>>> print(open('run_26.cif').read())   # mmCIF, C-alpha atoms
data_work
#
loop_
_atom_site.label_atom_id
_atom_site.label_comp_id
_atom_site.auth_asym_id
_atom_site.auth_seq_id
_atom_site.Cartn_x
_atom_site.Cartn_y
_atom_site.Cartn_z
CA MET B 86 19.47 7.26 -5.12
CA ALA B 87 15.73 7.51 -5.73
CA ASP B 88 14.48 10.76 -7.29
CA LEU B 89 12.02 12.07 -4.72
CA GLY B 90 10.43 14.46 -7.19
CA VAL B 91 9.68 11.65 -9.65
CA ILE B 92 8.09 9.45 -6.99
CA LEU B 93 6.02 12.36 -5.68
CA GLY B 94 4.77 12.93 -9.22
CA ASP B 95 3.81 9.28 -9.55
CA LEU B 96 2.04 9.37 -6.19
CA ASP B 97 0.06 12.41 -7.31
CA ALA B 98 -0.90 10.66 -10.54
CA GLU B 99 -2.02 7.55 -8.64
CA THR B 100 -4.18 9.51 -6.22
CA ARG B 101 -5.77 11.40 -9.10
CA THR B 102 -6.85 8.19 -10.80
CA ILE B 103 -8.78 7.23 -7.68
CA ASP B 104 -10.08 10.75 -7.19
CA ASP B 105 -11.44 10.63 -10.74
CA VAL B 106 -13.37 7.46 -9.90
CA VAL B 107 -14.93 8.59 -6.61
CA ALA B 108 -15.44 12.29 -7.30
CA ASN B 109 -18.66 11.82 -9.25
CA LEU B 110 -20.07 8.87 -7.34
CA PRO B 111 -23.53 9.36 -5.84
CA ALA B 112 -23.55 9.31 -2.04
CA SER B 113 -25.18 5.87 -2.08
CA ASP B 114 -22.13 4.37 -3.83
CA TRP B 115 -19.82 5.63 -1.12
CA ALA B 116 -21.65 3.19 1.15
CA ARG B 117 -20.99 0.27 -1.21
CA ALA B 118 -19.12 -2.65 0.36
CA THR B 119 -15.57 -3.39 -0.80
CA PRO B 120 -13.65 -6.70 -0.60
CA ALA B 121 -12.17 -5.58 2.75
CA GLU B 122 -14.65 -6.95 5.27
CA GLY B 123 -16.64 -4.19 6.97
CA TRP B 124 -15.17 -1.46 4.78
CA THR B 125 -17.14 0.60 2.30
CA ILE B 126 -15.75 2.88 -0.38
CA ALA B 127 -16.02 5.68 2.18
CA HIS B 128 -13.88 3.65 4.59
CA GLN B 129 -11.23 3.21 1.89
CA VAL B 130 -11.00 6.94 1.14
CA ALA B 131 -11.14 7.78 4.85
CA HIS B 132 -8.25 5.42 5.51
CA LEU B 133 -6.14 7.06 2.81
CA ALA B 134 -6.91 10.48 4.27
CA TRP B 135 -6.21 9.27 7.82
CA THR B 136 -2.90 7.66 6.87
CA ASP B 137 -1.80 10.75 4.95
CA GLU B 138 -2.46 12.75 8.12
CA LYS B 139 -0.35 10.35 10.18
CA ALA B 140 2.43 10.50 7.59
CA LEU B 141 2.29 14.30 7.79
CA ILE B 142 3.05 14.07 11.51
CA ALA B 143 6.06 11.85 10.74
CA ALA B 144 7.34 14.16 8.00
CA ALA B 145 6.63 17.61 9.47
CA HIS B 146 6.48 17.00 13.23
CA PRO B 147 8.53 13.88 14.07
CA GLU B 148 8.89 15.17 17.63
CA ASP B 149 5.17 14.40 18.07
CA TRP B 150 5.40 10.82 16.83
CA GLN B 151 5.75 9.28 20.28
CA ALA B 152 2.30 10.61 21.15
CA GLU B 153 0.99 8.87 18.03
CA VAL B 154 2.57 5.60 19.16
CA GLU B 155 0.88 5.97 22.53
CA GLU B 156 -2.48 6.46 20.79
CA LEU B 157 -1.82 3.31 18.81
CA LEU B 158 -1.09 1.35 21.96
CA LYS B 159 -4.30 2.61 23.55
CA GLY B 160 -6.36 1.82 20.47
CA GLY B 161 -4.94 -1.66 20.08
CA GLU B 162 -5.82 -3.83 17.09
CA HIS B 163 -8.85 -1.68 16.22
CA TYR B 164 -6.87 1.55 15.91
CA VAL B 165 -6.73 1.63 12.11
CA ASP B 166 -10.30 0.39 11.66
CA ASP B 167 -11.56 3.02 14.10
CA GLY B 168 -9.85 5.76 12.12
CA ALA B 169 -11.47 4.57 8.90
CA ALA B 170 -14.89 4.20 10.53
CA GLU B 171 -14.77 7.70 11.97
CA GLY B 172 -13.86 9.20 8.62
CA ALA B 173 -16.50 7.18 6.79
CA GLU B 174 -19.17 8.99 8.81
CA GLN B 175 -18.28 12.28 7.13
CA PRO B 176 -20.41 13.40 4.17
CA PRO B 177 -18.67 12.23 0.96
CA ARG B 178 -17.91 15.76 -0.27
CA GLU B 179 -16.28 16.68 3.04
CA LEU B 180 -14.30 13.45 3.14
CA LEU B 181 -13.06 13.93 -0.41
CA GLU B 182 -11.96 17.48 0.32
CA ARG B 183 -10.21 16.29 3.50
CA TRP B 184 -8.27 13.73 1.47
CA ARG B 185 -7.34 16.25 -1.21
CA THR B 186 -6.14 18.81 1.32
CA GLY B 187 -4.22 16.28 3.39
CA ARG B 188 -2.38 14.67 0.51
CA ALA B 189 -1.33 18.09 -0.84
CA ARG B 190 0.05 19.09 2.55
CA LEU B 191 1.85 15.76 2.87
CA ALA B 192 3.47 16.09 -0.56
CA GLU B 193 4.77 19.52 0.37
CA ALA B 194 6.14 18.27 3.69
CA LEU B 195 7.84 15.22 2.16
CA ALA B 196 9.48 17.34 -0.53
CA ALA B 197 11.06 19.45 2.23
CA VAL B 198 12.56 16.53 4.21
CA PRO B 199 16.37 16.88 4.25
CA ASP B 200 18.39 14.22 2.45
CA GLY B 201 19.36 11.39 4.75
CA GLN B 202 16.71 12.09 7.38
CA LYS B 203 14.73 9.06 8.52
CA LEU B 204 11.05 9.41 9.33
CA PRO B 205 9.37 7.48 12.14
CA TRP B 206 6.57 5.09 11.19
CA TYR B 207 4.54 2.14 12.48
CA GLY B 208 7.15 -0.15 10.95
CA PRO B 209 10.87 0.62 10.62
CA PRO B 210 11.90 4.30 10.16
CA MET B 211 12.22 5.23 6.49
CA SER B 212 13.55 7.88 4.16
CA ALA B 213 11.26 10.43 2.54
CA ALA B 214 11.53 8.52 -0.76
CA SER B 215 10.52 5.28 0.94
CA MET B 216 7.63 7.03 2.67
CA VAL B 217 6.36 8.34 -0.67
CA THR B 218 6.71 4.86 -2.17
CA ALA B 219 4.78 3.40 0.76
CA ARG B 220 2.01 5.95 0.26
CA LEU B 221 1.89 5.10 -3.45
CA MET B 222 1.72 1.38 -2.66
CA GLU B 223 -1.12 1.84 -0.21
CA THR B 224 -2.97 4.26 -2.47
CA TRP B 225 -2.80 1.77 -5.32
CA ALA B 226 -3.93 -1.09 -3.06
CA HIS B 227 -6.96 0.73 -1.65
CA GLY B 228 -7.72 1.98 -5.13
CA GLN B 229 -7.95 -1.67 -6.16
CA ASP B 230 -10.55 -2.27 -3.46
CA ILE B 231 -12.58 0.66 -4.78
CA HIS B 232 -12.35 -0.56 -8.37
CA ASP B 233 -13.33 -4.07 -7.30
CA ALA B 234 -16.34 -2.74 -5.41
CA LEU B 235 -17.53 -0.87 -8.49
CA GLY B 236 -16.78 -3.72 -10.89
CA LEU B 237 -14.21 -1.61 -12.74
CA THR B 238 -10.99 -2.75 -14.38
CA ARG B 239 -8.05 -0.37 -14.41
CA GLU B 240 -5.19 -0.28 -16.85
CA PRO B 241 -1.80 -1.12 -15.26
CA THR B 242 0.81 1.63 -15.52
CA ALA B 243 4.57 1.97 -15.15
CA ARG B 244 3.90 3.31 -11.64
CA LEU B 245 3.57 -0.32 -10.56
CA TRP B 246 7.37 -0.50 -10.59
CA HIS B 247 7.42 1.34 -7.27
CA VAL B 248 4.96 -1.13 -5.75
CA ALA B 249 6.83 -4.13 -7.13
CA ARG B 250 10.18 -2.91 -5.83
CA PHE B 251 8.64 -2.12 -2.44
CA GLY B 252 7.13 -5.60 -2.39
CA THR B 253 10.52 -7.22 -2.83
CA ARG B 254 12.21 -4.95 -0.30
CA THR B 255 9.65 -5.83 2.38
CA ARG B 256 10.17 -9.59 2.06
CA ASP B 257 11.96 -10.01 5.39
CA PHE B 258 9.49 -7.64 7.08
CA ALA B 259 6.64 -10.01 6.17
CA TYR B 260 8.47 -12.96 7.72
CA LEU B 261 9.12 -11.08 10.95
CA LEU B 262 5.47 -9.99 11.15
CA ASN B 263 4.56 -13.66 11.13
CA SER B 264 7.20 -14.56 13.74
CA LEU B 265 9.23 -16.46 11.14
CA ALA B 266 12.93 -16.30 10.35
CA PRO B 267 13.56 -14.81 6.89
CA PRO B 268 15.42 -17.07 4.44
CA ALA B 269 19.16 -16.45 4.45
CA GLU B 270 19.35 -16.23 0.67
CA GLU B 271 17.77 -13.60 -1.56
CA PHE B 272 15.22 -14.53 -4.21
CA ARG B 273 15.23 -13.63 -7.88
CA VAL B 274 12.00 -11.93 -8.97
CA GLU B 275 11.33 -11.45 -12.68
CA LEU B 276 8.11 -9.68 -13.64
CA VAL B 277 6.46 -8.80 -16.92
CA ALA B 278 5.83 -5.06 -16.85
CA PRO B 279 2.70 -3.44 -18.33
CA ASP B 280 4.66 -2.52 -21.48
CA GLY B 281 5.94 -6.08 -21.93
CA SER B 282 9.47 -5.43 -20.67
CA THR B 283 10.98 -7.25 -17.70
CA TRP B 284 11.43 -5.87 -14.20
CA ALA B 285 14.05 -7.90 -12.33
CA PHE B 286 14.97 -7.81 -8.65
CA GLY B 287 17.51 -9.86 -6.73
CA PRO B 288 20.63 -11.75 -7.85
CA GLU B 289 20.53 -13.46 -11.25
CA ASP B 290 22.10 -16.63 -9.81
CA ALA B 291 19.63 -17.00 -6.92
CA GLU B 292 18.58 -20.62 -6.37
CA GLN B 293 14.93 -19.68 -5.81
CA LYS B 294 12.90 -17.60 -8.23
CA LEU B 295 9.51 -15.99 -8.74
CA THR B 296 8.11 -15.12 -12.16
CA GLY B 297 4.85 -13.69 -13.45
CA SER B 298 3.14 -10.43 -14.29
CA ALA B 299 3.99 -7.30 -12.36
CA VAL B 300 0.35 -6.50 -11.70
CA ASP B 301 -0.31 -9.94 -10.18
CA PHE B 302 2.79 -9.65 -8.00
CA CYS B 303 1.63 -6.23 -6.76
CA LEU B 304 -1.83 -7.62 -6.06
CA VAL B 305 -0.31 -10.41 -3.95
CA VAL B 306 2.16 -8.31 -1.93
CA THR B 307 -0.66 -5.86 -1.11
CA GLN B 308 -2.92 -8.85 -0.32
CA ARG B 309 -5.56 -7.87 -2.88
CA ARG B 310 -5.47 -11.28 -4.57
CA HIS B 311 -4.77 -14.80 -3.39
CA PRO B 312 -1.66 -16.24 -5.08
CA ALA B 313 -3.77 -19.09 -6.49
CA ASP B 314 -5.74 -16.56 -8.55
CA THR B 315 -2.63 -15.13 -10.24
CA ASP B 316 -0.11 -16.16 -12.87
CA LEU B 317 2.80 -16.14 -10.42
CA VAL B 318 5.11 -19.15 -10.55
CA ALA B 319 7.29 -19.94 -7.53
CA GLN B 320 10.45 -22.00 -7.96
CA GLY B 321 11.51 -23.08 -4.48
CA ALA B 322 9.80 -23.91 -1.20
CA ASP B 323 10.80 -20.63 0.45
CA VAL B 324 9.33 -18.60 -2.40
CA GLU B 325 6.11 -20.57 -2.16
CA GLU B 326 5.95 -19.80 1.56
CA TRP B 327 6.67 -16.11 0.96
CA LEU B 328 3.69 -15.80 -1.36
CA THR B 329 1.40 -16.95 1.46
CA ILE B 330 2.60 -14.23 3.87
CA ALA B 331 3.86 -11.43 1.58
CA GLN B 332 2.82 -8.05 2.96
CA ALA B 333 4.14 -4.68 1.81
CA PHE B 334 2.13 -2.62 4.30
CA ALA B 335 2.75 -1.96 8.00
CA GLY B 336 0.57 -3.41 10.71
CA PRO B 337 -0.34 -6.92 11.86
CA PRO B 338 -0.54 -9.76 9.32
CA GLY B 339 -3.49 -9.16 7.03
CA GLU B 340 -6.20 -11.68 6.17
CA GLY B 341 -5.76 -11.15 2.44
CA ARG B 342 -8.27 -12.54 -0.04
CA LYS B 343 -9.70 -16.04 -0.43
CA PRO B 344 -8.74 -18.30 -3.35
CA GLY B 345 -11.31 -18.07 -6.10
CA GLN B 346 -12.72 -14.80 -4.80
CA PHE B 347 -11.83 -13.03 -8.06
CA ALA B 348 -11.64 -15.98 -10.42
#
>>> encode(input="run_26.cif", output="structure tokens")
Amino acid sequence: MADLGVILGDLDAETRTIDDVVANLPASDWARATPAEGWTIAHQVAHLAWTDEKALIAAAHPEDWQAEVEELLKGGEHYVDDGAAEGAEQPPRELLERWRTGRARLAEALAAVPDGQKLPWYGPPMSAASMVTARLMETWAHGQDIHDALGLTREPTARLWHVARFGTRTRDFAYLLNSLAPPAEEFRVELVAPDGSTWAFGPEDAEQKLTGSAVDFCLVVTQRRHPADTDLVAQGADVEEWLTIAQAFAGPPGEGRKPGQFA
């Protein structure tokens, strides 16, 4: 069973690395465009704050989640973008404080979720540990957009294990999002971790296999890099197809990044 306290600690560490980057940015840099079309750095932070607030509803007030679903249905495909755009209009200092306050409240609420309780979400219901992992995955992904916008390179950490594991566990979810039948057989995924060790997922005797660096795999499953711009090697037609649709986050299929965009 996953140690909720450990994952919460890793989520806090991940958010702090992004906070450290944006906290001292001049207001003009908050308006800098990121690789996500139409999104500035302010949009990225606003989205993290907005999603934390939605997760807080799921964790602390699940009885109110149906109203959130109804808002989603009314907002349609622009629901998420509208939330980011609204938050991006806030002064940077206010937006940053909103994010800090919201993520602290969410951490407290998730720590109090009883064992075995499933939380509602835009995708399948999930445990508190899975919710924290999802927040870490998304925080890391949007942090990548911010680093890319500023031309910064960040050092990979062991926290990527959570993202990598989440990326493998959401394989079938990505197929269903694209109206495709998931392969019947599991894949073997072997990744080189930041410290040089190997992270392995799936059966050792699987006929189809994916190998490469953990950071590149995480970039692909969060759609922050095109597979062609990574060191990932797919052995098997189904694995090759998966790389083109892999998506660890909820919502409609994303557009991802173009090949050569970060060559």
>>> axis_aligned_box(input="run_26.cif", around="range 229-238 of chain B", padding_each_side="6 Å", output="AutoDock Vina command-line options")
--center_x -12.7 --center_y -1.7 --center_z -8.9 --size_x 21.6 --size_y 16.7 --size_z 22.9
>>> resolve_selection(input="run_26.cif", expression="the PyMOL selection byres ((chain B and resi 168-179) around 10)", output="number ranges by chain")
B: 107-116, 123-136, 160, 163-167, 180-185
>>> atom_distance(input="run_26.cif", atom1="CA of Val91 in chain B", atom2="CA of Arg190 in chain B")
17.2 Å
>>> resolve_selection(input="run_26.cif", expression="the PyMOL selection byres ((chain B and resi 328) around 9)", output="PyMOL selection string")
chain B and resi 305-306+311-312+319+323-327+329-332
>>> resolve_selection(input="run_26.cif", expression="the PyMOL selection byres ((chain B and resi 194) around 10)", output="list in words")
Ala140, Leu141, Ile142, Ala143, Ala144, Ala145, His146, Arg188, Ala189, Arg190, Leu191, Ala192, Glu193, Leu195, Ala196, Ala197, Val198 and Ala213 of chain B
>>> write_last_selection(input="run_26.cif", atoms="C-alpha atoms", output="PDB file, keeping the file's coordinate frame")
ATOM      1  CA  ALA B 140       2.430  10.500   7.590  1.00  0.00           C
ATOM      2  CA  LEU B 141       2.290  14.300   7.790  1.00  0.00           C
ATOM      3  CA  ILE B 142       3.050  14.070  11.510  1.00  0.00           C
ATOM      4  CA  ALA B 143       6.060  11.850  10.740  1.00  0.00           C
ATOM      5  CA  ALA B 144       7.340  14.160   8.000  1.00  0.00           C
ATOM      6  CA  ALA B 145       6.630  17.610   9.470  1.00  0.00           C
ATOM      7  CA  HIS B 146       6.480  17.000  13.230  1.00  0.00           C
ATOM      8  CA  ARG B 188      -2.380  14.670   0.510  1.00  0.00           C
ATOM      9  CA  ALA B 189      -1.330  18.090  -0.840  1.00  0.00           C
ATOM     10  CA  ARG B 190       0.050  19.090   2.550  1.00  0.00           C
ATOM     11  CA  LEU B 191       1.850  15.760   2.870  1.00  0.00           C
ATOM     12  CA  ALA B 192       3.470  16.090  -0.560  1.00  0.00           C
ATOM     13  CA  GLU B 193       4.770  19.520   0.370  1.00  0.00           C
ATOM     14  CA  LEU B 195       7.840  15.220   2.160  1.00  0.00           C
ATOM     15  CA  ALA B 196       9.480  17.340  -0.530  1.00  0.00           C
ATOM     16  CA  ALA B 197      11.060  19.450   2.230  1.00  0.00           C
ATOM     17  CA  VAL B 198      12.560  16.530   4.210  1.00  0.00           C
ATOM     18  CA  ALA B 213      11.260  10.430   2.540  1.00  0.00           C
TER      19      ALA B 213
END
>>> atom_distance(input="run_26.cif", atom1="CA of Met222 in chain B", atom2="CA of Val248 in chain B")
5.1 Å
>>> closest_residue(input="run_26.cif", among="B:Ala299, B:Ala234, B:Ala214, B:Leu96", to="Glu122 in chain B", atoms="only C-alpha atoms")
B:Ala234
>>> closest_residue(input="run_26.cif", among="B:Ala152, B:Leu295, B:Ala226, B:Leu261", to="Arg273 in chain B", atoms="only C-alpha atoms")
B:Leu295
>>> closest_residue(input="run_26.cif", among="B:Pro199, B:Gly297, B:Pro205, B:Pro344", to="Trp284 in chain B", atoms="all atoms listed in the file")
B:Gly297
>>> residues_around(input="run_26.cif", residues="Gln346 in chain B", least_positions_apart="3", cutoff="10 Å", atoms="only C-alpha atoms", output="PyMOL selection string")
chain B and resi 120+310-311+314+342-343
>>> atom_distance(input="run_26.cif", atom1="CA of Glu270 in chain B", atom2="CA of Trp206 in chain B")
27.0 Å
>>> decode(input="run_26.cif", residues="range 171-254 of chain B", atoms="C-alpha atoms", output="CSV table (one decimal), in the first residue's frame")
chain,number,residue,atom,x,y,z
B,171,GLU,CA,-9.8,33.8,-15.0
B,172,GLY,CA,-7.0,33.1,-12.6
B,173,ALA,CA,-4.4,34.6,-14.9
B,174,GLU,CA,-6.1,37.9,-14.6
B,175,GLN,CA,-5.3,38.1,-10.9
B,176,PRO,CA,-2.2,40.1,-9.9
B,177,PRO,CA,0.8,37.7,-9.7
B,178,ARG,CA,1.2,38.2,-5.9
B,179,GLU,CA,-2.5,37.4,-5.3
B,180,LEU,CA,-2.4,34.4,-7.6
B,181,LEU,CA,0.7,33.0,-5.9
B,182,GLU,CA,-0.8,33.4,-2.5
B,183,ARG,CA,-4.0,31.7,-3.7
B,184,TRP,CA,-2.0,28.8,-4.9
B,185,ARG,CA,0.0,28.5,-1.7
B,186,THR,CA,-3.2,28.7,0.5
B,187,GLY,CA,-5.1,26.2,-1.7
B,188,ARG,CA,-2.4,23.6,-1.9
B,189,ALA,CA,-1.9,23.7,1.9
B,190,ARG,CA,-5.6,23.2,2.5
B,191,LEU,CA,-5.7,20.3,0.0
B,192,ALA,CA,-2.8,18.6,1.6
B,193,GLU,CA,-4.5,18.7,5.0
B,194,ALA,CA,-7.8,17.4,3.5
B,195,LEU,CA,-6.1,14.5,1.7
B,196,ALA,CA,-4.2,13.5,4.8
B,197,ALA,CA,-7.5,13.2,6.6
B,198,VAL,CA,-9.2,10.9,4.0
B,199,PRO,CA,-10.1,7.6,5.6
B,200,ASP,CA,-8.3,4.5,4.2
B,201,GLY,CA,-10.2,2.8,1.5
B,202,GLN,CA,-12.3,5.9,0.6
B,203,LYS,CA,-12.5,6.7,-3.1
B,204,LEU,CA,-12.7,10.3,-4.2
B,205,PRO,CA,-14.7,11.5,-7.2
B,206,TRP,CA,-12.8,13.1,-10.1
B,207,TYR,CA,-13.2,14.0,-13.7
B,208,GLY,CA,-11.8,10.6,-14.6
B,209,PRO,CA,-12.4,7.4,-12.6
B,210,PRO,CA,-12.7,7.7,-8.8
B,211,MET,CA,-9.4,7.3,-7.0
B,212,SER,CA,-7.9,6.8,-3.6
B,213,ALA,CA,-6.3,9.7,-1.6
B,214,ALA,CA,-2.9,8.3,-2.5
B,215,SER,CA,-3.7,8.3,-6.2
B,216,MET,CA,-5.2,11.8,-6.0
B,217,VAL,CA,-1.9,13.0,-4.4
B,218,THR,CA,0.1,11.2,-7.2
B,219,ALA,CA,-2.1,12.8,-9.8
B,220,ARG,CA,-1.5,16.3,-8.3
B,221,LEU,CA,2.2,15.6,-8.3
B,222,MET,CA,2.1,14.5,-11.9
B,223,GLU,CA,0.2,17.6,-13.0
B,224,THR,CA,2.4,19.9,-10.9
B,225,TRP,CA,5.5,18.5,-12.4
B,226,ALA,CA,4.0,18.7,-16.0
B,227,HIS,CA,3.0,22.4,-15.6
B,228,GLY,CA,6.3,23.1,-13.9
B,229,GLN,CA,7.9,21.8,-17.1
B,230,ASP,CA,5.9,24.3,-19.2
B,231,ILE,CA,7.1,27.1,-16.9
B,232,HIS,CA,10.7,26.0,-17.1
B,233,ASP,CA,10.5,25.8,-20.9
B,234,ALA,CA,9.0,29.3,-21.1
B,235,LEU,CA,11.9,30.7,-19.1
B,236,GLY,CA,14.6,28.6,-20.9
B,237,LEU,CA,15.5,26.8,-17.7
B,238,THR,CA,16.6,23.2,-17.2
B,239,ARG,CA,15.7,21.4,-14.1
B,240,GLU,CA,17.5,18.5,-12.5
B,241,PRO,CA,15.4,15.3,-12.5
B,242,THR,CA,14.7,13.8,-9.0
B,243,ALA,CA,13.5,10.6,-7.5
B,244,ARG,CA,10.0,12.1,-7.3
B,245,LEU,CA,9.7,11.2,-11.0
B,246,TRP,CA,9.0,7.6,-9.9
B,247,HIS,CA,5.5,8.7,-9.0
B,248,VAL,CA,4.9,10.2,-12.4
B,249,ALA,CA,6.4,7.2,-14.2
B,250,ARG,CA,4.3,4.7,-12.2
B,251,PHE,CA,1.2,6.8,-12.8
B,252,GLY,CA,2.0,7.0,-16.5
B,253,THR,CA,2.0,3.2,-16.8
B,254,ARG,CA,-1.1,2.8,-14.7
